[in-house]
Amino acid sequence: MITPRRSETLPVREASDILLVRQFVRECATELGFSVFDQTKLVTAASELGRNTLIHGGGGTMRLETFVENDRRGLRLTFEDKGPGIPDIEQAMSDGFTTKGGLGLGLGGSKRLVDEFEVVSRVGEGTRVTATRWT
Amino acid sequence: MERIPILRMGEFLLVTIQVDMHDRLATVLQDDLANRISATRARGVLIDISALDMVDSFIARMFGDIAQMARVMDAETALVGMQPSVAITLAEMGVSLTGVRTALNVEKGMALLRAKMEEERADDHAPAE
């Protein structure tokens, strides 16, 4: 049985919010008992996704939830924006694809850092990216 | 405005990053380094990231850009002290840091840059055939 433990939402409106997002994810991941390696992967994924929300989505929010399921614990990050949306998710996920002069590893790279990853996007309505990692 | 200090050590510049990097700070560092390399005619740049607990693709790209820029200005760059968890995360993401030299610590990074410079001097003084 999955028991929710915590659910908090942070704004992702300006560059300095990304720093707060990283700090908050590090804090929660540590508290949940993730190893330093796993903490770093979660914080890095949060930084990539937060930047996407800010730059491509025009700002939005990050919801952080923690769960306990039997003897394992999970941390889920949900980034939501009301931006232009992603017309071709498969293309956006592929390595090297970039529209803003980055490395093009934001989405695809973040996916490799977590256990579960989902992108839901509607053109003209916005994007929601969910990333979960379990201990 | 907040800035990352750049120290001069002989023919090297040493940058020790001790704060969480935000994007603006990264851009300013790049500009400041270009100016300092030009003003001091430094031959090497050491960037100590041992205090950084996270490097994402944006920050990684900035290191690549700095190395590229320094090379054009005839200076070599070494990124030193990367934490193991940061190295693993970058590798898993697929960030390759192409063109960026790395070393375990500042001492080893300096030795690496010195060796590279000696090599160039030897080439300059090699007798013509």
# chains A, B, ... in the order shown; residues from 1 in each chain; ligands from 1
call {"tool": "residues_around", "arguments": {"residues": "Pro87 (chain A)", "least_positions_apart": "2", "cutoff": "9 Å", "atoms": "only C-alpha atoms", "output": "PyMOL selection string"}}
result
chain A and resi 84-85+89+91-92+121-123
call {"tool": "select_by_dssp", "arguments": {"residues": "region 13-85 of chain B", "states": "strand (DSSP E)", "output": "list in words"}}
result
Leu13, Leu14, Val15, Thr16, Gly44, Val45, Leu46, Ile47, Asp48, Glu76, Thr77, Ala78, Leu79 and Val80 of chain B
call {"tool": "write_last_selection", "arguments": {"atoms": "N, CA and C atoms", "output": "compact mmCIF listing (two decimals), in the first residue's frame"}}
result
# COMPACT_ATOMS: atom_id res chain seq x y z
N LEU B 13 45.10 31.13 -13.62
CA LEU B 13 43.98 31.76 -12.91
C LEU B 13 43.24 30.64 -12.18
N LEU B 14 42.89 30.90 -10.93
CA LEU B 14 42.18 29.90 -10.14
C LEU B 14 40.79 30.41 -9.77
N VAL B 15 39.79 29.60 -10.13
CA VAL B 15 38.41 29.94 -9.82
C VAL B 15 37.88 28.85 -8.88
N THR B 16 37.49 29.24 -7.68
CA THR B 16 36.93 28.25 -6.76
C THR B 16 35.45 28.55 -6.60
N GLY B 44 46.79 29.33 -18.21
CA GLY B 44 45.96 28.21 -17.76
C GLY B 44 44.86 28.71 -16.82
N VAL B 45 43.73 27.99 -16.83
CA VAL B 45 42.61 28.30 -15.94
C VAL B 45 42.23 27.04 -15.18
N LEU B 46 42.23 27.14 -13.85
CA LEU B 46 41.81 26.01 -13.02
C LEU B 46 40.47 26.34 -12.40
N ILE B 47 39.50 25.48 -12.61
CA ILE B 47 38.19 25.70 -12.02
C ILE B 47 37.94 24.60 -11.00
N ASP B 48 37.93 25.00 -9.73
CA ASP B 48 37.75 24.04 -8.64
C ASP B 48 36.26 23.92 -8.31
N GLU B 76 44.86 26.98 -21.44
CA GLU B 76 44.23 25.67 -21.24
C GLU B 76 43.38 25.71 -19.98
N THR B 77 42.31 24.92 -19.96
CA THR B 77 41.43 24.89 -18.80
C THR B 77 41.39 23.50 -18.19
N ALA B 78 41.43 23.43 -16.86
CA ALA B 78 41.24 22.15 -16.18
C ALA B 78 40.14 22.31 -15.13
N LEU B 79 39.21 21.38 -15.17
CA LEU B 79 38.11 21.35 -14.21
C LEU B 79 38.53 20.37 -13.12
N VAL B 80 38.63 20.82 -11.88
CA VAL B 80 39.16 19.92 -10.85
C VAL B 80 38.21 19.71 -9.68
call {"tool": "closest_atom_pairs", "arguments": {"of": "region 6-124 of chain B", "to": "region 14-34 of chain A", "cutoff": "10 Å", "atoms": "only C-alpha atoms", "output": "JSON lines"}}
result
{"residue": "B:Asp20", "atom": "CA", "partner": "A:Leu19", "partner_atom": "CA", "distance": 7.3}
{"residue": "B:Met21", "atom": "CA", "partner": "A:Leu19", "partner_atom": "CA", "distance": 8.1}
{"residue": "B:His22", "atom": "CA", "partner": "A:Leu19", "partner_atom": "CA", "distance": 6.8}
{"residue": "B:Asp23", "atom": "CA", "partner": "A:Ala15", "partner_atom": "CA", "distance": 7.0}
{"residue": "B:Arg24", "atom": "CA", "partner": "A:Ala15", "partner_atom": "CA", "distance": 8.0}
{"residue": "B:Asp53", "atom": "CA", "partner": "A:Arg26", "partner_atom": "CA", "distance": 9.7}
{"residue": "B:Met54", "atom": "CA", "partner": "A:Arg22", "partner_atom": "CA", "distance": 8.9}
call {"tool": "write_last_selection", "arguments": {"atoms": "N, CA and C atoms", "output": "PDB file, in the first residue's frame"}}
result
ATOM      1  N   ASP B  20      26.110  27.873  -4.834  1.00  0.00           N
ATOM      2  CA  ASP B  20      25.226  27.189  -5.768  1.00  0.00           C
ATOM      3  C   ASP B  20      25.140  28.066  -7.027  1.00  0.00           C
ATOM      4  N   MET B  21      25.451  27.475  -8.183  1.00  0.00           N
ATOM      5  CA  MET B  21      25.515  28.262  -9.412  1.00  0.00           C
ATOM      6  C   MET B  21      24.130  28.570  -9.954  1.00  0.00           C
ATOM      7  N   HIS B  22      23.790  29.840 -10.059  1.00  0.00           N
ATOM      8  CA  HIS B  22      22.589  30.129 -10.822  1.00  0.00           C
ATOM      9  C   HIS B  22      23.008  30.625 -12.196  1.00  0.00           C
ATOM     10  N   ASP B  23      22.088  30.612 -13.114  1.00  0.00           N
ATOM     11  CA  ASP B  23      22.424  30.802 -14.520  1.00  0.00           C
ATOM     12  C   ASP B  23      23.107  32.138 -14.798  1.00  0.00           C
ATOM     13  N   ARG B  24      22.647  33.172 -14.132  1.00  0.00           N
ATOM     14  CA  ARG B  24      23.190  34.511 -14.345  1.00  0.00           C
ATOM     15  C   ARG B  24      24.654  34.565 -13.894  1.00  0.00           C
ATOM     16  N   ASP B  53      27.687  20.507  -5.296  1.00  0.00           N
ATOM     17  CA  ASP B  53      27.044  19.196  -5.101  1.00  0.00           C
ATOM     18  C   ASP B  53      26.096  18.861  -6.263  1.00  0.00           C
ATOM     19  N   MET B  54      26.073  19.732  -7.272  1.00  0.00           N
ATOM     20  CA  MET B  54      25.233  19.487  -8.436  1.00  0.00           C
ATOM     21  C   MET B  54      25.762  20.248  -9.639  1.00  0.00           C
TER      22      MET B  54
END
call {"tool": "closest_residue", "arguments": {"among": "B:Glu11, B:Glu92, B:Asp32, B:Asp74", "to": "chain A", "atoms": "only C-alpha atoms"}}
result
B:Glu92
call {"tool": "interface_residues", "arguments": {"of": "chain A", "to": "chain B", "cutoff": "9 Å", "atoms": "only C-alpha atoms", "output": "list in words"}}
result
Ala15, Ser16, Ile18, Leu19, Arg22, Val36, Phe37, Asp38, Gln39, Thr40, Lys41, Val43, Thr44, Ala45, Ser47, Glu48, Asp95, Gly102, Leu103, Gly104, Leu105, Gly106, Gly108, Gly109, Ser110, Lys111, Arg112 and Leu113 of chain A
call {"tool": "write_last_selection", "arguments": {"atoms": "N, CA and C atoms", "output": "PDB file, in the first residue's frame"}}
result
ATOM      1  N   ALA A  15      14.737  32.819 -12.166  1.00  0.00           N
ATOM      2  CA  ALA A  15      15.946  31.999 -12.079  1.00  0.00           C
ATOM      3  C   ALA A  15      16.280  31.611 -10.643  1.00  0.00           C
ATOM      4  N   SER A  16      16.050  32.531  -9.700  1.00  0.00           N
ATOM      5  CA  SER A  16      16.412  32.223  -8.317  1.00  0.00           C
ATOM      6  C   SER A  16      15.513  31.137  -7.716  1.00  0.00           C
ATOM      7  N   ILE A  18      14.882  28.389  -9.099  1.00  0.00           N
ATOM      8  CA  ILE A  18      15.532  27.110  -9.411  1.00  0.00           C
ATOM      9  C   ILE A  18      16.463  26.703  -8.258  1.00  0.00           C
ATOM     10  N   LEU A  19      17.126  27.700  -7.654  1.00  0.00           N
ATOM     11  CA  LEU A  19      18.013  27.414  -6.526  1.00  0.00           C
ATOM     12  C   LEU A  19      17.205  26.882  -5.347  1.00  0.00           C
ATOM     13  N   ARG A  22      16.129  23.309  -6.039  1.00  0.00           N
ATOM     14  CA  ARG A  22      17.242  22.364  -5.812  1.00  0.00           C
ATOM     15  C   ARG A  22      17.435  22.095  -4.333  1.00  0.00           C
ATOM     16  N   VAL A  36      23.600   9.665  -1.300  1.00  0.00           N
ATOM     17  CA  VAL A  36      24.107  10.917  -1.871  1.00  0.00           C
ATOM     18  C   VAL A  36      24.020  10.876  -3.396  1.00  0.00           C
ATOM     19  N   PHE A  37      24.274   9.694  -3.986  1.00  0.00           N
ATOM     20  CA  PHE A  37      24.207   9.559  -5.442  1.00  0.00           C
ATOM     21  C   PHE A  37      22.784   9.803  -5.935  1.00  0.00           C
ATOM     22  N   ASP A  38      21.826   9.183  -5.267  1.00  0.00           N
ATOM     23  CA  ASP A  38      20.428   9.357  -5.670  1.00  0.00           C
ATOM     24  C   ASP A  38      19.935  10.788  -5.424  1.00  0.00           C
ATOM     25  N   GLN A  39      20.382  11.372  -4.324  1.00  0.00           N
ATOM     26  CA  GLN A  39      20.016  12.777  -4.037  1.00  0.00           C
ATOM     27  C   GLN A  39      20.474  13.662  -5.183  1.00  0.00           C
ATOM     28  N   THR A  40      21.720  13.450  -5.599  1.00  0.00           N
ATOM     29  CA  THR A  40      22.297  14.297  -6.653  1.00  0.00           C
ATOM     30  C   THR A  40      21.543  14.121  -7.972  1.00  0.00           C
ATOM     31  N   LYS A  41      21.143  12.870  -8.263  1.00  0.00           N
ATOM     32  CA  LYS A  41      20.382  12.636  -9.497  1.00  0.00           C
ATOM     33  C   LYS A  41      19.035  13.364  -9.438  1.00  0.00           C
ATOM     34  N   VAL A  43      18.226  16.018  -7.571  1.00  0.00           N
ATOM     35  CA  VAL A  43      18.432  17.471  -7.592  1.00  0.00           C
ATOM     36  C   VAL A  43      18.758  17.934  -9.005  1.00  0.00           C
ATOM     37  N   THR A  44      19.565  17.144  -9.722  1.00  0.00           N
ATOM     38  CA  THR A  44      19.945  17.518 -11.090  1.00  0.00           C
ATOM     39  C   THR A  44      18.731  17.467 -12.016  1.00  0.00           C
ATOM     40  N   ALA A  45      17.916  16.410 -11.873  1.00  0.00           N
ATOM     41  CA  ALA A  45      16.700  16.305 -12.688  1.00  0.00           C
ATOM     42  C   ALA A  45      15.787  17.496 -12.402  1.00  0.00           C
ATOM     43  N   SER A  47      16.629  20.447 -11.405  1.00  0.00           N
ATOM     44  CA  SER A  47      17.224  21.646 -11.981  1.00  0.00           C
ATOM     45  C   SER A  47      16.947  21.731 -13.481  1.00  0.00           C
ATOM     46  N   GLU A  48      17.092  20.600 -14.176  1.00  0.00           N
ATOM     47  CA  GLU A  48      16.837  20.554 -15.623  1.00  0.00           C
ATOM     48  C   GLU A  48      15.369  20.858 -15.918  1.00  0.00           C
ATOM     49  N   ASP A  95      18.053  13.157 -27.492  1.00  0.00           N
ATOM     50  CA  ASP A  95      19.280  13.853 -27.116  1.00  0.00           C
ATOM     51  C   ASP A  95      19.718  14.805 -28.217  1.00  0.00           C
ATOM     52  N   GLY A 102      20.718  25.129 -25.764  1.00  0.00           N
ATOM     53  CA  GLY A 102      21.281  24.351 -24.656  1.00  0.00           C
ATOM     54  C   GLY A 102      21.984  23.123 -25.191  1.00  0.00           C
ATOM     55  N   LEU A 103      22.254  22.171 -24.305  1.00  0.00           N
ATOM     56  CA  LEU A 103      22.893  20.924 -24.737  1.00  0.00           C
ATOM     57  C   LEU A 103      21.861  19.975 -25.327  1.00  0.00           C
ATOM     58  N   GLY A 104      20.585  20.267 -25.109  1.00  0.00           N
ATOM     59  CA  GLY A 104      19.544  19.381 -25.597  1.00  0.00           C
ATOM     60  C   GLY A 104      19.450  18.102 -24.800  1.00  0.00           C
ATOM     61  N   LEU A 105      19.834  18.170 -23.514  1.00  0.00           N
ATOM     62  CA  LEU A 105      19.792  16.960 -22.686  1.00  0.00           C
ATOM     63  C   LEU A 105      18.805  17.101 -21.533  1.00  0.00           C
ATOM     64  N   GLY A 106      18.082  18.197 -21.495  1.00  0.00           N
ATOM     65  CA  GLY A 106      17.184  18.474 -20.374  1.00  0.00           C
ATOM     66  C   GLY A 106      16.160  17.393 -20.119  1.00  0.00           C
ATOM     67  N   GLY A 108      15.498  14.364 -22.002  1.00  0.00           N
ATOM     68  CA  GLY A 108      16.029  12.997 -22.140  1.00  0.00           C
ATOM     69  C   GLY A 108      16.982  12.652 -21.006  1.00  0.00           C
ATOM     70  N   GLY A 109      17.822  13.630 -20.636  1.00  0.00           N
ATOM     71  CA  GLY A 109      18.791  13.416 -19.560  1.00  0.00           C
ATOM     72  C   GLY A 109      18.092  13.201 -18.227  1.00  0.00           C
ATOM     73  N   SER A 110      17.058  14.006 -17.947  1.00  0.00           N
ATOM     74  CA  SER A 110      16.327  13.874 -16.683  1.00  0.00           C
ATOM     75  C   SER A 110      15.648  12.519 -16.594  1.00  0.00           C
ATOM     76  N   LYS A 111      15.134  12.058 -17.716  1.00  0.00           N
ATOM     77  CA  LYS A 111      14.442  10.766 -17.731  1.00  0.00           C
ATOM     78  C   LYS A 111      15.384   9.651 -17.268  1.00  0.00           C
ATOM     79  N   ARG A 112      16.642   9.748 -17.679  1.00  0.00           N
ATOM     80  CA  ARG A 112      17.611   8.714 -17.305  1.00  0.00           C
ATOM     81  C   ARG A 112      18.012   8.784 -15.840  1.00  0.00           C
ATOM     82  N   LEU A 113      17.653   9.873 -15.147  1.00  0.00           N
ATOM     83  CA  LEU A 113      18.057  10.029 -13.746  1.00  0.00           C
ATOM     84  C   LEU A 113      16.996   9.535 -12.760  1.00  0.00           C
TER      85      LEU A 113
END
call {"tool": "residues_around", "arguments": {"residues": "Arg6 (chain A)", "least_positions_apart": "2", "cutoff": "8 Å", "atoms": "only C-alpha atoms", "output": "short mmCIF file (atom, residue, chain, number, x, y, z; two decimals) with C-alpha atoms, in the first residue's frame"}}
result
data_model
loop_
_atom_site.label_atom_id
_atom_site.label_comp_id
_atom_site.auth_asym_id
_atom_site.auth_seq_id
_atom_site.Cartn_x
_atom_site.Cartn_y
_atom_site.Cartn_z
CA PRO A 4 1.43 9.71 0.84
CA GLU A 8 4.25 20.84 -1.23
CA LEU A 64 7.01 17.63 -4.50
CA GLU A 65 5.37 14.54 -3.04
CA THR A 66 6.84 11.79 -0.93
CA PHE A 67 5.43 8.29 -0.49
#
